[in-house]
$ cat entry.cif   # mmCIF, C-alpha atoms
data_start
loop_
_atom_site.label_atom_id
_atom_site.label_comp_id
_atom_site.auth_asym_id
_atom_site.auth_seq_id
_atom_site.Cartn_x
_atom_site.Cartn_y
_atom_site.Cartn_z
CA MET O 269 -55.50 1.49 88.08
CA PRO O 270 -53.91 4.35 90.05
CA VAL O 271 -50.74 3.72 92.04
CA SER O 272 -51.53 2.53 95.55
CA ARG O 273 -50.65 4.42 98.73
CA THR O 274 -48.36 3.66 101.64
CA PRO O 275 -49.41 4.73 105.15
CA LEU O 276 -46.90 6.58 107.29
CA PRO O 277 -46.21 5.21 110.77
CA GLY O 278 -48.06 6.88 113.62
CA SER O 279 -50.26 8.87 111.27
CA SER O 280 -53.32 8.78 109.05
CA ASP O 281 -51.23 10.38 106.28
CA SER O 282 -49.80 8.41 103.36
CA LEU O 283 -47.51 8.74 100.34
CA SER O 284 -47.91 7.37 96.83
CA ARG O 285 -46.14 4.05 96.29
CA LEU O 286 -44.18 5.56 93.40
CA ILE O 287 -42.57 8.96 93.94
CA LEU O 288 -41.75 11.65 91.39
CA GLY O 289 -38.09 12.59 91.85
CA ALA O 290 -37.12 16.21 91.16
CA TRP O 291 -33.34 15.72 91.19
CA ARG O 292 -32.81 16.21 87.45
CA LEU O 293 -35.56 18.71 86.68
CA ALA O 294 -32.99 21.42 85.91
CA ASP O 295 -30.91 19.25 83.57
CA HIS O 296 -32.90 20.14 80.45
CA ALA O 297 -33.88 23.76 79.92
CA GLU O 298 -36.94 22.83 77.88
CA ARG O 299 -38.37 20.97 80.88
CA THR O 300 -38.05 23.82 83.36
CA SER O 301 -40.86 26.09 82.20
CA PRO O 302 -43.93 26.32 84.47
CA GLU O 303 -45.95 24.68 81.70
CA ALA O 304 -43.56 21.72 81.44
CA ILE O 305 -43.40 21.24 85.22
CA THR O 306 -47.17 21.48 85.57
CA GLY O 307 -47.59 18.98 82.74
CA LEU O 308 -45.25 16.55 84.47
CA VAL O 309 -47.10 16.92 87.76
CA GLU O 310 -50.49 16.47 86.11
CA ALA O 311 -49.24 13.34 84.30
CA SER O 312 -48.04 11.97 87.64
CA LEU O 313 -51.29 12.79 89.41
CA ALA O 314 -53.23 11.05 86.65
CA GLU O 315 -51.39 7.84 87.61
CA GLY O 316 -51.92 8.34 91.33
CA ILE O 317 -48.33 9.55 91.90
CA THR O 318 -48.86 12.40 94.34
CA THR O 319 -45.52 12.53 96.20
CA VAL O 320 -42.63 14.68 94.91
CA ASP O 321 -39.08 14.28 96.22
CA HIS O 322 -36.87 17.39 96.44
CA ALA O 323 -33.65 18.45 98.14
CA ASP O 324 -32.38 21.94 98.74
CA ILE O 325 -29.19 21.24 96.74
CA TYR O 326 -30.83 19.74 93.64
CA GLY O 327 -29.87 21.52 90.43
CA ASN O 328 -27.21 23.51 92.27
CA TYR O 329 -29.88 24.97 94.56
CA ALA O 330 -32.22 25.69 91.64
CA VAL O 331 -34.83 22.91 91.41
CA GLU O 332 -37.03 23.88 94.34
CA GLU O 333 -37.34 27.42 92.99
CA ILE O 334 -38.14 26.14 89.48
CA PHE O 335 -40.82 23.85 90.88
CA GLY O 336 -42.19 26.58 93.12
CA ARG O 337 -42.62 28.96 90.19
CA ALA O 338 -44.72 26.33 88.44
CA LEU O 339 -46.91 25.75 91.48
CA GLY O 340 -47.06 29.39 92.51
CA GLY O 341 -50.63 30.53 92.90
CA GLN O 342 -52.07 27.05 92.27
CA SER O 343 -53.18 26.24 95.79
CA ALA O 344 -55.55 23.55 94.52
CA LEU O 345 -52.61 21.72 92.94
CA ARG O 346 -50.54 21.94 96.13
CA THR O 347 -53.29 20.26 98.14
CA ARG O 348 -53.10 17.24 95.82
CA LEU O 349 -49.37 16.75 96.45
CA GLU O 350 -47.07 15.62 99.23
CA LEU O 351 -43.84 17.60 99.06
CA VAL O 352 -40.70 15.95 100.44
CA SER O 353 -37.40 17.80 100.75
CA LYS O 354 -33.96 17.13 102.19
CA CYS O 355 -31.27 19.22 103.83
CA GLY O 356 -27.92 18.81 105.55
CA ILE O 357 -25.46 18.96 102.63
CA LYS O 358 -23.66 22.25 101.98
CA LEU O 359 -22.28 22.60 98.45
CA VAL O 360 -19.75 25.09 97.18
CA SER O 361 -21.84 27.23 94.87
CA PRO O 362 -22.16 30.82 93.66
CA LYS O 363 -25.63 30.67 95.19
CA ARG O 364 -24.10 29.97 98.58
CA PRO O 365 -20.95 32.17 98.64
CA GLU O 366 -20.53 31.58 102.38
CA HIS O 367 -19.77 27.89 101.75
CA ARG O 368 -15.99 27.46 101.61
CA LEU O 369 -15.95 23.67 101.04
CA LYS O 370 -18.43 20.84 100.77
CA THR O 371 -19.56 19.84 104.26
CA TYR O 372 -22.49 18.39 106.16
CA ASP O 373 -24.43 20.48 108.64
CA THR O 374 -27.20 19.01 110.77
CA SER O 375 -27.22 21.73 113.42
CA ARG O 376 -30.56 23.05 114.61
CA GLN O 377 -29.88 26.41 112.98
CA HIS O 378 -29.01 24.97 109.60
CA ILE O 379 -31.98 22.60 109.55
CA THR O 380 -34.34 25.42 110.49
CA ASP O 381 -32.86 27.87 107.99
CA SER O 382 -32.95 25.24 105.24
CA VAL O 383 -36.62 24.51 105.84
CA HIS O 384 -37.54 28.18 105.68
CA THR O 385 -35.61 28.53 102.42
CA SER O 386 -37.30 25.44 100.95
CA LEU O 387 -40.73 26.74 101.93
CA ARG O 388 -40.00 30.08 100.28
CA ASN O 389 -38.64 28.47 97.11
CA LEU O 390 -41.46 25.94 96.84
CA ARG O 391 -44.02 28.66 97.64
CA THR O 392 -45.73 26.56 100.25
CA ASP O 393 -46.52 26.93 103.95
CA TYR O 394 -45.37 23.45 104.96
CA LEU O 395 -43.44 20.37 103.91
CA ASP O 396 -45.12 17.01 104.20
CA VAL O 397 -41.80 15.30 104.93
CA LEU O 398 -38.30 16.59 105.72
CA LEU O 399 -35.31 14.24 105.43
CA ILE O 400 -31.73 14.67 106.60
CA HIS O 401 -29.86 14.05 103.35
CA ARG O 402 -26.73 12.32 104.67
CA PRO O 403 -25.52 11.20 108.10
CA ASP O 404 -23.23 13.86 109.53
CA PRO O 405 -20.12 12.73 111.49
CA LEU O 406 -20.77 15.68 113.82
CA MET O 407 -24.47 14.92 114.08
CA ASN O 408 -25.87 15.82 117.50
CA ALA O 409 -28.99 13.74 117.97
CA ASP O 410 -30.39 15.97 120.71
CA GLU O 411 -29.98 19.11 118.61
CA MET O 412 -31.51 17.47 115.55
CA ALA O 413 -34.48 16.35 117.63
CA GLU O 414 -34.92 19.89 118.94
CA ALA O 415 -35.09 21.18 115.36
CA PHE O 416 -37.59 18.52 114.31
CA THR O 417 -39.79 19.10 117.34
CA ALA O 418 -39.88 22.88 116.86
CA LEU O 419 -40.62 22.66 113.13
CA ARG O 420 -43.38 20.16 113.79
CA ARG O 421 -44.88 22.30 116.56
CA ASP O 422 -44.84 25.38 114.32
CA GLY O 423 -46.58 23.57 111.46
CA LYS O 424 -43.65 23.97 109.08
CA VAL O 425 -43.08 20.22 108.63
CA LYS O 426 -45.59 17.42 109.19
CA HIS O 427 -43.25 14.40 109.21
CA PHE O 428 -39.53 13.67 109.40
CA GLY O 429 -37.18 11.00 108.13
CA VAL O 430 -33.61 10.43 107.07
CA SER O 431 -31.70 9.46 103.95
CA ASN O 432 -28.73 7.11 103.54
CA PHE O 433 -28.67 6.33 107.28
CA THR O 434 -27.45 3.03 108.69
CA PRO O 435 -29.77 1.18 111.07
CA SER O 436 -27.77 2.36 114.10
CA GLN O 437 -27.85 5.98 112.92
CA PHE O 438 -31.59 5.72 112.34
CA ALA O 439 -32.07 4.24 115.83
CA LEU O 440 -29.98 7.02 117.38
CA ILE O 441 -32.20 9.78 116.00
CA GLN O 442 -35.39 7.86 116.76
CA SER O 443 -34.29 7.45 120.38
CA ARG O 444 -34.48 11.23 120.86
CA LEU O 445 -37.97 11.69 119.41
CA ASP O 446 -41.42 11.05 120.83
CA PHE O 447 -42.88 10.70 117.31
CA PRO O 448 -41.78 8.23 114.63
CA LEU O 449 -39.41 8.86 111.77
CA VAL O 450 -41.44 7.93 108.70
CA THR O 451 -38.82 6.79 106.17
CA ASN O 452 -35.18 6.16 105.33
CA GLN O 453 -34.43 7.06 101.72
CA ILE O 454 -31.77 4.60 100.57
CA GLU O 455 -30.09 3.42 97.41
CA PHE O 456 -31.78 0.17 96.40
CA SER O 457 -32.16 -1.52 93.03
CA VAL O 458 -31.64 -4.84 91.27
CA LEU O 459 -28.00 -3.78 90.87
CA TYR O 460 -27.56 -2.41 94.40
CA LEU O 461 -28.34 -5.14 96.91
CA PRO O 462 -26.64 -4.20 100.24
CA PRO O 463 -29.89 -3.06 101.93
CA LEU O 464 -31.14 -6.65 101.68
CA TYR O 465 -28.27 -7.88 103.85
CA ASP O 466 -26.96 -5.02 106.02
CA GLY O 467 -30.01 -4.70 108.27
CA THR O 468 -31.47 -1.61 106.62
CA LEU O 469 -34.59 -3.24 105.20
CA ASP O 470 -34.88 -5.50 108.24
CA GLN O 471 -35.13 -2.41 110.43
CA CYS O 472 -37.73 -0.87 108.12
CA GLN O 473 -39.87 -3.98 108.50
CA GLN O 474 -39.30 -4.12 112.24
CA LEU O 475 -40.49 -0.54 112.72
CA ARG O 476 -43.01 -0.62 109.85
CA VAL O 477 -41.20 2.34 108.31
CA PRO O 478 -41.51 2.26 104.49
CA PRO O 479 -38.19 3.12 102.81
CA MET O 480 -37.83 5.26 99.72
CA ALA O 481 -35.54 3.78 97.07
CA TRP O 482 -33.38 6.26 95.15
CA SER O 483 -31.72 5.30 91.87
CA PRO O 484 -34.17 2.37 91.47
CA LEU O 485 -32.94 1.80 87.90
CA ALA O 486 -29.28 1.84 88.95
CA GLY O 487 -28.60 5.17 87.31
CA GLY O 488 -29.50 3.80 83.89
CA LYS O 489 -26.96 0.94 84.02
CA LEU O 490 -29.74 -1.53 83.25
CA PHE O 491 -30.09 -0.01 79.80
CA THR O 492 -26.44 0.53 78.85
CA ASN O 493 -25.20 -3.04 79.41
CA THR O 494 -21.69 -1.79 80.05
CA ASP O 495 -20.64 -4.83 82.07
CA GLU O 496 -21.45 -8.52 82.39
CA ARG O 497 -23.51 -8.09 85.55
CA SER O 498 -25.86 -5.44 84.17
CA THR O 499 -26.20 -7.43 80.93
CA LYS O 500 -27.19 -10.64 82.72
CA THR O 501 -29.55 -8.80 85.02
CA GLY O 502 -31.15 -7.07 82.04
CA VAL O 503 -31.67 -10.43 80.32
CA ALA O 504 -33.37 -11.79 83.45
CA LEU O 505 -35.61 -8.72 83.70
CA GLN O 506 -36.54 -9.00 80.04
CA LYS O 507 -37.39 -12.70 80.43
CA VAL O 508 -39.62 -12.04 83.42
CA GLY O 509 -41.24 -9.13 81.60
CA GLU O 510 -42.15 -11.39 78.70
CA GLU O 511 -43.74 -13.77 81.18
CA LEU O 512 -45.73 -10.86 82.60
CA ASP O 513 -47.61 -9.94 79.43
CA GLY O 514 -44.74 -8.04 77.84
CA ALA O 515 -43.79 -5.72 80.70
CA GLY O 516 -40.65 -3.68 80.05
CA VAL O 517 -37.31 -4.00 81.80
CA GLU O 518 -37.90 -0.75 83.67
CA GLN O 519 -41.31 -1.84 84.89
CA VAL O 520 -40.06 -5.21 86.13
CA ALA O 521 -37.08 -3.59 87.89
CA LEU O 522 -39.44 -1.26 89.76
CA ALA O 523 -41.86 -4.06 90.58
CA TRP O 524 -38.97 -6.14 91.97
CA ILE O 525 -38.22 -3.36 94.47
CA MET O 526 -41.87 -2.83 95.35
CA GLN O 527 -42.38 -6.52 96.05
CA HIS O 528 -40.08 -6.38 99.06
CA PRO O 529 -42.21 -6.60 102.23
CA SER O 530 -40.76 -3.37 103.61
CA ASN O 531 -43.13 -1.57 101.17
CA ALA O 532 -40.28 0.24 99.43
CA MET O 533 -41.26 3.31 97.40
CA PRO O 534 -39.11 3.84 94.27
CA VAL O 535 -38.19 7.45 93.45
CA LEU O 536 -38.55 7.98 89.70
CA GLY O 537 -35.84 10.12 88.15
CA THR O 538 -37.53 11.01 84.88
CA GLY O 539 -38.80 14.39 83.72
CA ARG O 540 -40.83 12.95 80.85
CA PRO O 541 -44.58 12.36 81.24
CA GLU O 542 -44.52 9.31 78.98
CA ARG O 543 -41.93 7.63 81.21
CA ILE O 544 -44.13 8.36 84.22
CA ARG O 545 -47.03 6.60 82.56
CA GLU O 546 -44.84 3.61 81.66
CA SER O 547 -43.39 3.37 85.17
CA ALA O 548 -46.82 3.45 86.79
CA ARG O 549 -47.60 0.03 85.32
CA ALA O 550 -44.99 -1.45 87.65
CA ALA O 551 -47.34 -0.94 90.57
CA SER O 552 -49.75 -3.55 89.18
CA LEU O 553 -47.13 -6.21 88.37
CA GLN O 554 -46.86 -9.23 90.64
CA LEU O 555 -43.72 -11.34 90.34
CA SER O 556 -43.74 -14.96 91.46
CA ARG O 557 -41.21 -15.91 94.13
CA ASP O 558 -39.23 -17.82 91.47
CA GLN O 559 -39.17 -14.76 89.18
CA TRP O 560 -38.01 -12.50 92.01
CA PHE O 561 -35.18 -14.87 92.93
CA GLU O 562 -34.22 -15.37 89.28
CA ILE O 563 -33.52 -11.64 89.04
CA LEU O 564 -31.67 -11.64 92.36
CA ALA O 565 -29.45 -14.51 91.21
CA ALA O 566 -28.66 -12.78 87.92
CA SER O 567 -27.53 -9.66 89.77
CA ALA O 568 -25.61 -11.51 92.49
CA GLY O 569 -23.90 -13.75 89.94
CA GLN O 570 -24.96 -16.89 91.75
CA GLU O 571 -27.92 -18.67 93.26
CA VAL O 572 -28.69 -18.09 96.92
CA PRO O 573 -26.57 -20.30 99.25
#

$ encode --input "entry.cif" --output "structure tokens"
Amino acid sequence: MPVSRTPLPGSSDSLSRLILGAWRLADHAERTSPEAITGLVEASLAEGITTVDHADIYGNYAVEEIFGRALGGQSALRTRLELVSKCGIKLVSPKRPEHRLKTYDTSRQHITDSVHTSLRNLRTDYLDVLLIHRPDPLMNADEMAEAFTALRRDGKVKHFGVSNFTPSQFALIQSRLDFPLVTNQIEFSVLYLPPLYDGTLDQCQQLRVPPMAWSPLAGGKLFTNTDERSTKTGVALQKVGEELDGAGVEQVALAWIMQHPSNAMPVLGTGRPERIRESARAASLQLSRDQWFEILAASAGQEVP
């Protein structure tokens, strides 16, 4: 069964419930060829995973260009994908010699320039979704809204969202727009629980804005068992997996996120087609309420109050 889809607020458009993350595509040289990238995309599409998450800075400003080379000239493939990218972080890099130190920049000019660069690197005419990567202490909500509105009017970006924003920061930007932000990409996993309690996921439900969950496997901590918490959580995930016809720890961890009523969309960090196929099974798993809370208690170190 293909991965289901999540509608975007205020639109007939949707994203796949699981998202292919491009962050580490440049980490292994053997996975950066056009053939390898195309193979990964085709494996994802076969499972119904049509949304790909990028950022301008990924791979030291290299990943978008690597991905674009693979998609270059394949217009039919582009039409089957939703491309997401992020901007707003400026890294010190030989590829950006004008950057003197790491900063954030959410000015209208930087957002606009970043989108044009991403479009050129990805070899596409538009982004399906643009996210502001991190909240900027000098963020001018009016100026950001002007950038979003102009890019939307010009057909360069269809939808906009944010990443790592608090509820109040999200509300600030939304207050300046006459169209809805469509997501907040946040850290959320069985080992990172703050969004459950700090109002982030409450706001997503309130506004019917589906969040994206980055690092849904806690950066691999679930598999290294380097501390008591990750070990106990892993044991709970394994137990629940056995109760669910032998599902793996990874699959149960993803299903746990997806079961939250905010309709969270995990961003998969793998570059291996076989891992994509394994992860896709998570979309069909249904945890009981007791199983979900058993995993929560293992991570929190105690039962709910």

$ resolve_selection --input "entry.cif" --expression "the PyMOL selection byres ((chain O and resi 315) around 9)" --output "list in words"
Met269, Pro270, Val271, Glu310, Ala311, Ser312, Leu313, Ala314, Gly316, Ile317, Thr318, Ile544, Arg545, Ala548 and Arg549 of chain O

$ residues_around --input "entry.cif" --residues "range 426-435 of chain O" --least-positions-apart "3" --cutoff "8 Å" --atoms "all atoms listed in the file" --output "PyMOL selection string"
chain O and resi 394-403+416+420+423+438-439+448-455+467-468+471

$ resolve_selection --input "entry.cif" --expression "the PyMOL selection byres ((chain O and resi 568) around 12)" --output "list of chain:residue names"
O:Ser457, O:Val458, O:Leu459, O:Tyr460, O:Leu461, O:Pro462, O:Leu464, O:Glu496, O:Arg497, O:Ser498, O:Lys500, O:Thr501, O:Ala504, O:Phe561, O:Glu562, O:Ile563, O:Leu564, O:Ala565, O:Ala566, O:Ser567, O:Gly569, O:Gln570, O:Glu571, O:Val572, O:Pro573

$ atom_distance --input "entry.cif" --atom1 "CA of Ser284 in chain O" --atom2 "CA of Lys507 in chain O"
28.0 Å

$ atom_distance --input "entry.cif" --atom1 "CA of Gln559 in chain O" --atom2 "CA of Thr538 in chain O"
26.2 Å

$ residues_around --input "entry.cif" --residues "range 293-307 of chain O" --least-positions-apart "5" --cutoff "12 Å" --atoms "all atoms listed in the file" --output "PyMOL selection string"
chain O and resi 288+312-314+320-323+325-342+345-346+536-542+544

$ residues_around --input "entry.cif" --residues "range 361-377 of chain O" --least-positions-apart "5" --cutoff "7 Å" --atoms "all atoms listed in the file" --output "PyMOL selection string"
chain O and resi 356+404+407+411-412+414-415

$ write_last_selection --input "entry.cif" --atoms "C-alpha atoms" --output "compact mmCIF listing (two decimals), keeping the file's coordinate frame"
# COMPACT_ATOMS: atom_id res chain seq x y z
CA GLY O 356 -27.92 18.81 105.55
CA ASP O 404 -23.23 13.86 109.53
CA MET O 407 -24.47 14.92 114.08
CA GLU O 411 -29.98 19.11 118.61
CA MET O 412 -31.51 17.47 115.55
CA GLU O 414 -34.92 19.89 118.94
CA ALA O 415 -35.09 21.18 115.36

$ atom_distance --input "entry.cif" --atom1 "CA of Gly509 in chain O" --atom2 "CA of Leu490 in chain O"
13.9 Å

$ closest_residue --input "entry.cif" --among "O:Arg285, O:Thr380, O:Lys354, O:Gln473" --to "Ala523 in chain O" --atoms "all atoms listed in the file"
O:Arg285

$ closest_residue --input "entry.cif" --among "O:Val520, O:Ala486, O:Asn493, O:Cys355" --to "Gln506 in chain O" --atoms "all atoms listed in the file"
O:Val520

$ closest_residue --input "entry.cif" --among "O:Leu283, O:Ile379, O:Met533, O:Ala344" --to "Ile357 in chain O" --atoms "only C-alpha atoms"
O:Ile379

$ residues_around --input "entry.cif" --residues "range 526-529 of chain O" --least-positions-apart "3" --cutoff "10 Å" --atoms "all atoms listed in the file" --output "ChimeraX atom specification"
/O:285-286,464,469-470,472-473,476,478,481,520-523,532-534,550-551,553-557,560

$ closest_residue --input "entry.cif" --among "O:Ser386, O:Ser547, O:Asn531, O:Gln474" --to "Leu276 in chain O" --atoms "all atoms listed in the file"
O:Asn531

$ closest_residue --input "entry.cif" --among "O:Asn408, O:Ser530, O:Thr494, O:Gln437" --to "Val477 in chain O" --atoms "only C-alpha atoms"
O:Ser530
